[in-house]
$ cat work.txt   # compact mmCIF, C-alpha atoms and all ligand atoms
# COMPACT_ATOMS: atom_id res chain seq x y z
CA MET K 1 155.92 139.94 44.71
CA SER K 2 153.93 136.83 43.95
CA ARG K 3 150.70 135.43 45.32
CA VAL K 4 151.28 131.87 46.54
CA LEU K 5 148.95 129.22 47.96
CA ILE K 6 150.34 126.49 50.21
CA VAL K 7 148.00 123.58 50.95
CA GLY K 8 149.16 121.75 54.09
CA SER K 9 150.84 124.74 55.74
CA ASN K 10 150.45 124.10 59.45
CA ARG K 11 153.55 121.99 60.07
CA GLY K 12 156.55 120.28 58.52
CA ILE K 13 157.70 121.22 55.05
CA GLY K 14 154.52 123.19 54.28
CA LEU K 15 155.02 125.42 57.33
CA GLU K 16 158.62 126.08 56.35
CA LEU K 17 157.67 126.88 52.74
CA THR K 18 155.13 129.35 54.13
CA ARG K 19 157.77 130.89 56.40
CA GLN K 20 160.35 131.30 53.62
CA LEU K 21 157.86 132.73 51.12
CA ALA K 22 156.50 135.21 53.66
CA ALA K 23 160.07 136.23 54.58
CA ARG K 24 160.86 137.08 50.98
CA GLY K 25 157.77 139.27 50.75
CA ASP K 26 155.34 137.11 48.82
CA GLU K 27 151.62 137.22 49.58
CA VAL K 28 151.01 133.78 51.08
CA LEU K 29 147.63 132.11 51.44
CA ALA K 30 148.23 129.32 53.95
CA ALA K 31 145.60 126.58 53.75
CA CYS K 32 145.35 123.83 56.35
CA ARG K 33 142.89 121.77 58.32
CA LYS K 34 143.69 123.55 61.59
CA PRO K 35 146.35 126.23 62.04
CA SER K 36 149.20 125.64 64.48
CA PRO K 37 150.55 128.37 66.79
CA GLU K 38 153.70 128.39 64.61
CA LEU K 39 151.64 129.13 61.49
CA LEU K 40 149.56 131.82 63.20
CA ALA K 41 152.79 133.46 64.41
CA LEU K 42 153.85 134.05 60.79
CA GLY K 43 151.07 136.59 60.30
CA VAL K 44 150.08 135.31 56.85
CA GLU K 45 146.51 134.85 55.63
CA VAL K 46 145.32 131.50 56.97
CA ILE K 47 142.54 129.52 55.30
CA GLU K 48 141.45 126.82 57.71
CA GLY K 49 139.11 123.86 57.36
CA VAL K 50 140.78 122.70 54.16
CA ASP K 51 140.86 118.90 54.23
CA VAL K 52 141.99 117.72 50.81
CA ARG K 53 139.82 114.60 51.10
CA GLU K 54 136.62 116.62 51.13
CA ASP K 55 134.85 118.63 48.43
CA ALA K 56 133.55 120.96 51.17
CA GLY K 57 137.10 121.77 52.28
CA VAL K 58 138.13 122.64 48.74
CA THR K 59 134.98 124.72 48.23
CA ARG K 60 135.94 126.64 51.39
CA LEU K 61 139.41 127.16 49.92
CA LEU K 62 138.00 128.56 46.67
CA GLU K 63 135.64 130.88 48.52
CA ALA K 64 138.55 132.27 50.54
CA ILE K 65 140.67 132.84 47.43
CA GLY K 66 137.78 134.63 45.76
CA GLU K 67 138.67 136.37 42.50
CA ARG K 68 142.39 136.50 43.23
CA ASP K 69 144.66 134.82 40.72
CA LEU K 70 147.59 132.73 41.93
CA ASP K 71 151.16 132.78 40.64
CA LEU K 72 152.00 129.55 42.42
CA ALA K 73 150.11 126.79 44.22
CA VAL K 74 151.97 124.12 46.19
CA VAL K 75 150.13 121.05 47.45
CA VAL K 76 152.18 119.65 50.32
CA ALA K 77 149.53 117.69 52.25
CA GLY K 78 150.39 114.03 52.58
CA VAL K 79 150.34 111.06 54.94
CA LEU K 80 152.59 108.05 55.41
CA THR K 81 151.58 104.82 57.10
CA ARG K 82 153.71 101.76 56.62
CA VAL K 83 151.91 98.86 54.92
CA ASP K 84 153.98 95.79 54.08
CA LEU K 85 153.19 92.54 52.27
CA ASP K 86 152.79 90.42 55.39
CA ASP K 87 150.30 92.86 56.87
CA LEU K 88 148.26 94.39 54.05
CA ASP K 89 145.61 96.70 55.46
CA PHE K 90 143.53 97.88 52.53
CA ASP K 91 141.67 100.50 54.55
CA VAL K 92 144.96 102.11 55.52
CA MET K 93 146.09 101.95 51.89
CA ARG K 94 142.82 103.52 50.71
CA ALA K 95 143.23 106.30 53.28
CA GLN K 96 146.65 107.15 51.82
CA PHE K 97 145.19 107.27 48.30
CA GLU K 98 142.55 109.73 49.52
CA VAL K 99 145.12 112.19 50.86
CA ASN K 100 148.19 111.61 48.68
CA ALA K 101 146.65 111.00 45.25
CA LEU K 102 143.00 112.06 45.07
CA GLY K 103 143.42 115.06 47.40
CA PRO K 104 145.99 116.96 45.31
CA LEU K 105 144.02 116.21 42.13
CA ARG K 106 140.82 117.53 43.75
CA VAL K 107 142.66 120.72 44.76
CA ALA K 108 144.33 121.15 41.36
CA ALA K 109 141.11 120.76 39.41
CA ALA K 110 139.30 123.25 41.64
CA LEU K 111 142.13 125.78 41.39
CA ARG K 112 142.27 125.72 37.60
CA PRO K 113 140.32 128.98 37.12
CA ARG K 114 142.62 130.72 39.61
CA LEU K 115 145.89 129.61 38.00
CA SER K 116 146.87 132.53 35.81
CA ARG K 117 148.81 132.22 32.55
CA GLY K 118 152.47 131.66 33.42
CA SER K 119 151.66 130.33 36.89
CA LYS K 120 152.99 127.11 38.43
CA LEU K 121 151.46 124.18 40.27
CA ALA K 122 153.91 122.18 42.39
CA LEU K 123 152.87 118.81 43.79
CA ILE K 124 155.00 117.49 46.63
CA THR K 125 155.34 113.82 45.88
CA SER K 126 158.02 111.34 46.90
CA ARG K 127 160.83 109.40 45.36
CA MET K 128 159.10 106.44 47.02
CA GLY K 129 156.47 106.82 44.29
CA SER K 130 159.07 106.20 41.59
CA LEU K 131 158.91 102.80 39.89
CA ALA K 132 162.46 103.23 38.60
CA ASP K 133 163.80 103.95 42.09
CA ASN K 134 162.00 101.11 43.87
CA THR K 135 164.62 98.51 44.66
CA SER K 136 163.69 98.04 48.31
CA GLY K 137 159.97 97.14 48.02
CA GLY K 138 157.38 97.35 50.79
CA HIS K 139 155.45 100.47 51.78
CA TYR K 140 152.54 99.52 49.49
CA GLY K 141 150.11 102.27 50.48
CA TYR K 142 152.55 105.16 50.41
CA ARG K 143 154.44 104.06 47.29
CA MET K 144 151.28 103.29 45.29
CA SER K 145 149.53 106.51 46.31
CA LYS K 146 152.54 108.66 45.42
CA ALA K 147 152.94 106.81 42.09
CA ALA K 148 149.29 107.66 41.43
CA LEU K 149 150.00 111.28 42.31
CA ASN K 150 152.88 111.29 39.84
CA MET K 151 150.52 110.07 37.13
CA ALA K 152 147.91 112.68 38.06
CA GLY K 153 150.60 115.35 37.83
CA ARG K 154 151.67 114.12 34.44
CA SER K 155 148.10 114.28 33.12
CA LEU K 156 147.64 117.71 34.68
CA SER K 157 150.77 118.91 32.93
CA VAL K 158 149.28 117.92 29.59
CA ASP K 159 145.82 119.29 30.33
CA LEU K 160 147.04 122.62 31.75
CA ARG K 161 149.67 123.28 29.11
CA ALA K 162 147.15 125.16 26.99
CA ASP K 163 146.55 127.45 29.99
CA ASP K 164 150.32 128.12 30.14
CA VAL K 165 150.49 126.54 33.60
CA THR K 166 153.64 124.61 34.57
CA VAL K 167 153.09 121.47 36.65
CA LEU K 168 156.04 120.16 38.68
CA LEU K 169 156.39 116.96 40.67
CA LEU K 170 158.87 117.53 43.47
CA HIS K 171 160.58 115.25 45.99
CA PRO K 172 161.54 117.22 49.11
CA GLY K 173 164.45 114.96 50.14
CA PHE K 174 164.55 112.78 53.26
CA VAL K 175 163.50 115.44 55.73
CA ARG K 176 163.36 115.50 59.53
CA THR K 177 159.63 116.04 60.21
CA GLU K 178 156.83 114.36 62.14
CA MET K 179 156.24 112.14 59.10
CA THR K 180 159.70 110.57 59.40
CA GLY K 181 159.75 110.52 63.21
CA HIS K 182 162.26 113.38 62.89
CA GLN K 183 164.73 111.09 61.12
CA GLY K 184 166.21 112.21 57.83
CA LEU K 185 169.18 113.65 55.98
CA ILE K 186 168.15 117.32 55.88
CA ASP K 187 166.06 119.74 57.88
CA VAL K 188 162.97 121.58 56.69
CA SER K 189 164.84 124.81 55.96
CA GLU K 190 167.17 123.12 53.46
CA SER K 191 164.31 121.17 51.90
CA ALA K 192 162.04 124.21 51.49
CA ALA K 193 164.87 126.34 50.10
CA GLY K 194 165.69 123.63 47.55
CA LEU K 195 162.05 123.22 46.57
CA LEU K 196 161.64 126.97 46.03
CA GLU K 197 164.82 127.04 43.94
CA ARG K 198 163.47 124.27 41.71
CA ILE K 199 160.09 125.98 41.38
CA HIS K 200 161.81 129.20 40.39
CA ALA K 201 164.17 127.53 37.91
CA LEU K 202 161.73 125.20 36.13
CA GLY K 203 159.18 126.35 33.60
CA LEU K 204 156.86 125.22 30.86
CA GLU K 205 159.68 123.40 29.05
CA GLU K 206 159.98 121.10 32.07
CA THR K 207 156.26 120.75 32.78
CA GLY K 208 155.28 117.25 33.91
CA SER K 209 158.77 116.30 35.08
CA PHE K 210 159.94 114.97 38.45
CA TRP K 211 162.74 116.60 40.47
CA HIS K 212 164.62 116.17 43.72
CA GLU K 213 164.90 119.39 45.73
CA SER K 214 168.67 119.07 45.26
CA GLY K 215 168.33 119.69 41.53
CA GLU K 216 168.61 116.07 40.33
CA ARG K 217 166.02 115.07 37.74
CA LEU K 218 164.24 111.89 38.85
CA GLU K 219 162.78 109.06 36.80
CA PHE K 220 159.17 108.06 37.21
N1 LIG T 301 159.61 114.20 55.25
C1 LIG T 301 160.11 113.50 54.25
O1 LIG T 301 161.23 112.94 54.31
C2 LIG T 301 159.34 113.40 52.96
C3 LIG T 301 159.92 112.68 51.90
C4 LIG T 301 159.23 112.57 50.70
C5 LIG T 301 158.01 113.21 50.54
N2 LIG T 301 157.47 113.90 51.58
C6 LIG T 301 156.17 114.54 51.35
O2 LIG T 301 156.25 115.90 51.73
C7 LIG T 301 154.96 116.35 52.16
C8 LIG T 301 155.08 117.02 53.52
O3 LIG T 301 155.55 116.06 54.43
P1 LIG T 301 156.14 116.43 55.88
O4 LIG T 301 157.39 115.65 56.02
O5 LIG T 301 156.16 117.89 56.07
O6 LIG T 301 155.04 115.72 56.80
P2 LIG T 301 154.22 116.18 58.08
O7 LIG T 301 155.08 116.98 58.99
O8 LIG T 301 153.61 114.93 58.59
O9 LIG T 301 153.10 117.16 57.47
C9 LIG T 301 152.08 116.66 56.69
C10 LIG T 301 151.16 117.79 56.34
O10 LIG T 301 150.08 117.28 55.54
C11 LIG T 301 148.87 117.74 56.12
N3 LIG T 301 147.75 116.84 55.87
C12 LIG T 301 147.65 115.53 56.15
N4 LIG T 301 146.43 115.07 55.82
C13 LIG T 301 145.75 116.11 55.31
C14 LIG T 301 144.44 116.28 54.79
N5 LIG T 301 143.57 115.25 54.73
N6 LIG T 301 144.06 117.50 54.34
C15 LIG T 301 144.92 118.54 54.41
N7 LIG T 301 146.16 118.45 54.90
C16 LIG T 301 146.57 117.25 55.35
C17 LIG T 301 149.17 117.80 57.61
O11 LIG T 301 148.18 118.55 58.27
P3 LIG T 301 147.53 118.04 59.68
O12 LIG T 301 148.40 118.61 60.76
O13 LIG T 301 146.14 118.64 59.66
O14 LIG T 301 147.52 116.55 59.69
C18 LIG T 301 150.54 118.46 57.56
O15 LIG T 301 150.43 119.84 57.34
C19 LIG T 301 154.04 115.12 52.15
O16 LIG T 301 153.29 115.09 50.95
C20 LIG T 301 155.04 113.97 52.18
O17 LIG T 301 154.49 112.79 51.61
C21 LIG T 301 158.10 114.01 52.78
$ encode --input "work.txt" --output "structure tokens" --more "lines below"
Ligand SMILES: NC(=O)c1ccc[n+]([C@@H]2O[C@H](COP(=O)([O-])OP(=O)(O)OC[C@H]3O[C@@H](n4cnc5c(N)ncnc54)[C@H](OP(=O)(O)O)[C@@H]3O)[C@@H](O)[C@H]2O)c1
Amino acid sequence: MSRVLIVGSNRGIGLELTRQLAARGDEVLAACRKPSPELLALGVEVIEGVDVREDAGVTRLLEAIGERDLDLAVVVAGVLTRVDLDDLDFDVMRAQFEVNALGPLRVAAALRPRLSRGSKLALITSRMGSLADNTSGGHYGYRMSKAALNMAGRSLSVDLRADDVTVLLLHPGFVRTEMTGHQGLIDVSESAAGLLERIHALGLEETGSFWHESGERLEF
């Protein structure tokens, strides 16, 4: 059994990761801003009031974890608002940076003392943050904030290597959730299962790399 923290566990992919981990018998600490009935129904330990944009939320998270070491932390929290060239809204772009890029870094840095040797930190990013994959343009706020997250993850992988902590950047696929207006190629169960498979299979040799839940290695 492992002890796993999911940040952004109340709905979507985070909720499904929580469900699958609990079902396989792991001890799951489910952090979110406000729990949903679906999360509460899982009977896992819920840590609420965790907004990744706020130091206070992350302090609350650390207090709830206490002295317990983690085998895995997954930061799933993210937001998507479309911002295109003919309608650049810098406040909306900044808001996406706060959640998608700075939020996971704030959480990761705070968790460092709780990440035991041999543990893993998985950051749920997006293929839309890949420079190599960007042939369709647009989506400035989301793409730029996820590209920044990828860079943060890469630096974390270097800085945490000495602690024997593996850092993975994972794309969950195009998934039917609220974020996509329930459009997509796969459902949350397939996405979460694929993500957990990748997390299980990848280790320190692959730290700092970027993967699709399907098993394809992605370019930054
Ligand atoms: N769905 C896709 O096709 C797709 C593709 C590529 C990448 N992703 C990434 O996968 C992750 C999960 O997406 P999803 O599809 O499951 O989206 P979702 O259903 O919209 O869920 C987003 C989650 O992020 C949480 N969140 C948002 N802002 C937060 C904040 N400030 N502090 C803490 N939590 C916050 C939400 O909590 P609240 O309920 O409190 O807002 C919710 O739990 C995101 O990082 C997303 O960018 C998704």
$ atom_distance --input "work.txt" --atom1 "atom O16 of ligand LIG 301 (chain T)" --atom2 "atom CA of Ile47 of chain K"
18.5 Å
$ residues_around --input "work.txt" --residues "Gly25 of chain K" --least-positions-apart "4" --cutoff "9 Å" --atoms "all atoms listed in the file" --output "ChimeraX atom specification"
/K:1-2,20-21
$ residues_near_ligand --input "work.txt" --ligand "ligand LIG 301 (chain T)" --cutoff "7 Å" --atoms "only C-alpha atoms and all ligand atoms" --output "CSV table (one decimal) with C-alpha atoms, in the coordinates of the input"
chain,number,residue,atom,x,y,z
K,7,VAL,CA,148.0,123.6,51.0
K,8,GLY,CA,149.2,121.8,54.1
K,9,SER,CA,150.8,124.7,55.7
K,10,ASN,CA,150.4,124.1,59.4
K,11,ARG,CA,153.6,122.0,60.1
K,12,GLY,CA,156.6,120.3,58.5
K,13,ILE,CA,157.7,121.2,55.0
K,14,GLY,CA,154.5,123.2,54.3
K,32,CYS,CA,145.4,123.8,56.4
K,33,ARG,CA,142.9,121.8,58.3
K,34,LYS,CA,143.7,123.6,61.6
K,50,VAL,CA,140.8,122.7,54.2
K,51,ASP,CA,140.9,118.9,54.2
K,52,VAL,CA,142.0,117.7,50.8
K,53,ARG,CA,139.8,114.6,51.1
K,76,VAL,CA,152.2,119.6,50.3
K,77,ALA,CA,149.5,117.7,52.2
K,78,GLY,CA,150.4,114.0,52.6
K,79,VAL,CA,150.3,111.1,54.9
K,80,LEU,CA,152.6,108.0,55.4
K,99,VAL,CA,145.1,112.2,50.9
K,100,ASN,CA,148.2,111.6,48.7
K,124,ILE,CA,155.0,117.5,46.6
K,125,THR,CA,155.3,113.8,45.9
K,126,SER,CA,158.0,111.3,46.9
K,127,ARG,CA,160.8,109.4,45.4
K,171,HIS,CA,160.6,115.2,46.0
K,172,PRO,CA,161.5,117.2,49.1
K,173,GLY,CA,164.4,115.0,50.1
K,174,PHE,CA,164.6,112.8,53.3
K,175,VAL,CA,163.5,115.4,55.7
K,176,ARG,CA,163.4,115.5,59.5
K,177,THR,CA,159.6,116.0,60.2
K,178,GLU,CA,156.8,114.4,62.1
K,179,MET,CA,156.2,112.1,59.1
K,180,THR,CA,159.7,110.6,59.4
K,184,GLY,CA,166.2,112.2,57.8
$ residues_around --input "work.txt" --residues "Ala122 of chain K" --least-positions-apart "5" --cutoff "8 Å" --atoms "all atoms listed in the file" --output "number ranges by chain"
K: 72-75, 167-170, 199
$ write_last_selection --input "work.txt" --atoms "C-alpha atoms" --output "PDB file, in the frame of the given file"
ATOM      1  CA  LEU K  72     152.000 129.550  42.420  1.00  0.00           C
ATOM      2  CA  ALA K  73     150.110 126.790  44.220  1.00  0.00           C
ATOM      3  CA  VAL K  74     151.970 124.120  46.190  1.00  0.00           C
ATOM      4  CA  VAL K  75     150.130 121.050  47.450  1.00  0.00           C
ATOM      5  CA  VAL K 167     153.090 121.470  36.650  1.00  0.00           C
ATOM      6  CA  LEU K 168     156.040 120.160  38.680  1.00  0.00           C
ATOM      7  CA  LEU K 169     156.390 116.960  40.670  1.00  0.00           C
ATOM      8  CA  LEU K 170     158.870 117.530  43.470  1.00  0.00           C
ATOM      9  CA  ILE K 199     160.090 125.980  41.380  1.00  0.00           C
TER      10      ILE K 199
END
$ closest_residue --input "work.txt" --among "K:Asp164, K:Asp87, K:Glu45, K:Glu54" --to "Asp71 of chain K" --atoms "all atoms listed in the file"
K:Asp164
$ residues_around --input "work.txt" --residues "Leu88 of chain K" --least-positions-apart "6" --cutoff "10 Å" --atoms "only C-alpha atoms" --output "CSV table (one decimal) with C-alpha atoms, keeping the file's coordinate frame"
chain,number,residue,atom,x,y,z
K,82,ARG,CA,153.7,101.8,56.6
K,139,HIS,CA,155.4,100.5,51.8
K,140,TYR,CA,152.5,99.5,49.5
K,141,GLY,CA,150.1,102.3,50.5
$ closest_residue --input "work.txt" --among "K:Glu38, K:Glu27, K:Glu197, K:Asp55" --to "Arg68 of chain K" --atoms "all atoms listed in the file"
K:Glu27
$ atom_distance --input "work.txt" --atom1 "atom CA of Leu202 of chain K" --atom2 "atom CA of Val165 of chain K"
11.6 Å
$ atom_distance --input "work.txt" --atom1 "atom CA of Leu196 of chain K" --atom2 "atom CA of Asp133 of chain K"
23.5 Å
$ axis_aligned_box --input "work.txt" --around "segment 189-203 of chain K" --padding-each-side "4 Å" --output "JSON"
{"center_x": 163.2, "center_y": 125.2, "center_z": 44.8, "size_x": 16.0, "size_y": 16.0, "size_z": 30.4}
$ closest_residue --input "work.txt" --among "K:Ala110, K:Leu42, K:Leu85, K:Leu115" --to "Arg3 of chain K" --atoms "all atoms listed in the file"
K:Leu115
$ closest_residue --input "work.txt" --among "K:Ala108, K:Leu39, K:Ile186, K:Ala22" --to "Lys120 of chain K" --atoms "all atoms listed in the file"
K:Ala108
$ closest_residue --input "work.txt" --among "K:Ala193, K:Leu15, K:Ala101, K:Ala64" --to "Ala41 of chain K" --atoms "only C-alpha atoms"
K:Leu15
$ residues_around --input "work.txt" --residues "Ala152 of chain K" --least-positions-apart "2" --cutoff "12 Å" --atoms "only C-alpha atoms" --output "ChimeraX atom specification"
/K:97,100-109,123,125,145-150,154-160,167-169,208-209
$ decode --input "work.txt" --residues "segment 130-192 of chain K" --atoms "C-alpha atoms" --output "JSON list (two decimals), in the first residue's frame"
[["chain", "number", "residue", "atom", "x", "y", "z"],
["K", 130, "SER", "CA", 4.36, 21.47, -26.03],
["K", 131, "LEU", "CA", 6.23, 23.79, -28.41],
["K", 132, "ALA", "CA", 7.00, 20.86, -30.71],
["K", 133, "ASP", "CA", 3.34, 19.88, -30.95],
["K", 134, "ASN", "CA", 1.96, 23.37, -31.54],
["K", 135, "THR", "CA", 0.96, 23.53, -35.18],
["K", 136, "SER", "CA", -2.51, 24.98, -34.62],
["K", 137, "GLY", "CA", -1.67, 28.14, -32.62],
["K", 138, "GLY", "CA", -4.08, 30.14, -30.46],
["K", 139, "HIS", "CA", -4.96, 29.37, -26.84],
["K", 140, "TYR", "CA", -2.26, 31.75, -25.58],
["K", 141, "GLY", "CA", -3.05, 31.60, -21.86],
["K", 142, "TYR", "CA", -3.45, 27.85, -21.58],
["K", 143, "ARG", "CA", -0.56, 26.93, -23.88],
["K", 144, "MET", "CA", 1.88, 29.40, -22.30],
["K", 145, "SER", "CA", 0.95, 28.44, -18.74],
["K", 146, "LYS", "CA", 1.31, 24.72, -19.43],
["K", 147, "ALA", "CA", 4.65, 25.32, -21.21],
["K", 148, "ALA", "CA", 5.75, 27.16, -18.06],
["K", 149, "LEU", "CA", 4.60, 24.19, -15.98],
["K", 150, "ASN", "CA", 6.66, 21.89, -18.17],
["K", 151, "MET", "CA", 9.72, 24.03, -17.51],
["K", 152, "ALA", "CA", 9.02, 24.09, -13.77],
["K", 153, "GLY", "CA", 8.75, 20.30, -13.84],
["K", 154, "ARG", "CA", 12.03, 20.00, -15.66],
["K", 155, "SER", "CA", 13.80, 22.18, -13.09],
["K", 156, "LEU", "CA", 12.15, 20.25, -10.26],
["K", 157, "SER", "CA", 13.40, 17.01, -11.76],
["K", 158, "VAL", "CA", 16.96, 18.31, -11.59],
["K", 159, "ASP", "CA", 16.62, 19.82, -8.13],
["K", 160, "LEU", "CA", 14.89, 16.78, -6.58],
["K", 161, "ARG", "CA", 17.11, 14.17, -8.15],
["K", 162, "ALA", "CA", 19.46, 14.28, -5.18],
["K", 163, "ASP", "CA", 16.45, 13.46, -2.96],
["K", 164, "ASP", "CA", 15.77, 10.40, -5.17],
["K", 165, "VAL", "CA", 12.40, 11.86, -6.18],
["K", 166, "THR", "CA", 11.11, 11.18, -9.71],
["K", 167, "VAL", "CA", 9.28, 14.07, -11.40],
["K", 168, "LEU", "CA", 6.95, 13.23, -14.29],
["K", 169, "LEU", "CA", 5.08, 15.53, -16.66],
["K", 170, "LEU", "CA", 1.95, 13.78, -17.85],
["K", 171, "HIS", "CA", -0.65, 14.55, -20.51],
["K", 172, "PRO", "CA", -3.97, 12.89, -19.62],
["K", 173, "GLY", "CA", -5.27, 12.62, -23.21],
["K", 174, "PHE", "CA", -8.26, 14.52, -24.62],
["K", 175, "VAL", "CA", -10.70, 13.66, -21.86],
["K", 176, "ARG", "CA", -14.44, 14.21, -21.48],
["K", 177, "THR", "CA", -14.64, 16.48, -18.41],
["K", 178, "GLU", "CA", -16.09, 19.86, -17.48],
["K", 179, "MET", "CA", -12.90, 21.45, -18.80],
["K", 180, "THR", "CA", -13.58, 20.22, -22.34],
["K", 181, "GLY", "CA", -17.35, 20.71, -22.17],
["K", 182, "HIS", "CA", -17.51, 16.91, -21.98],
["K", 183, "GLN", "CA", -15.98, 16.61, -25.45],
["K", 184, "GLY", "CA", -12.98, 14.36, -25.92],
["K", 185, "LEU", "CA", -11.61, 11.05, -27.14],
["K", 186, "ILE", "CA", -11.56, 9.14, -23.85],
["K", 187, "ASP", "CA", -13.38, 9.11, -20.54],
["K", 188, "VAL", "CA", -11.88, 9.77, -17.13],
["K", 189, "SER", "CA", -11.57, 6.09, -16.24],
["K", 190, "GLU", "CA", -9.33, 5.37, -19.24],
["K", 191, "SER", "CA", -7.30, 8.52, -18.66],
["K", 192, "ALA", "CA", -6.74, 7.87, -14.95]]
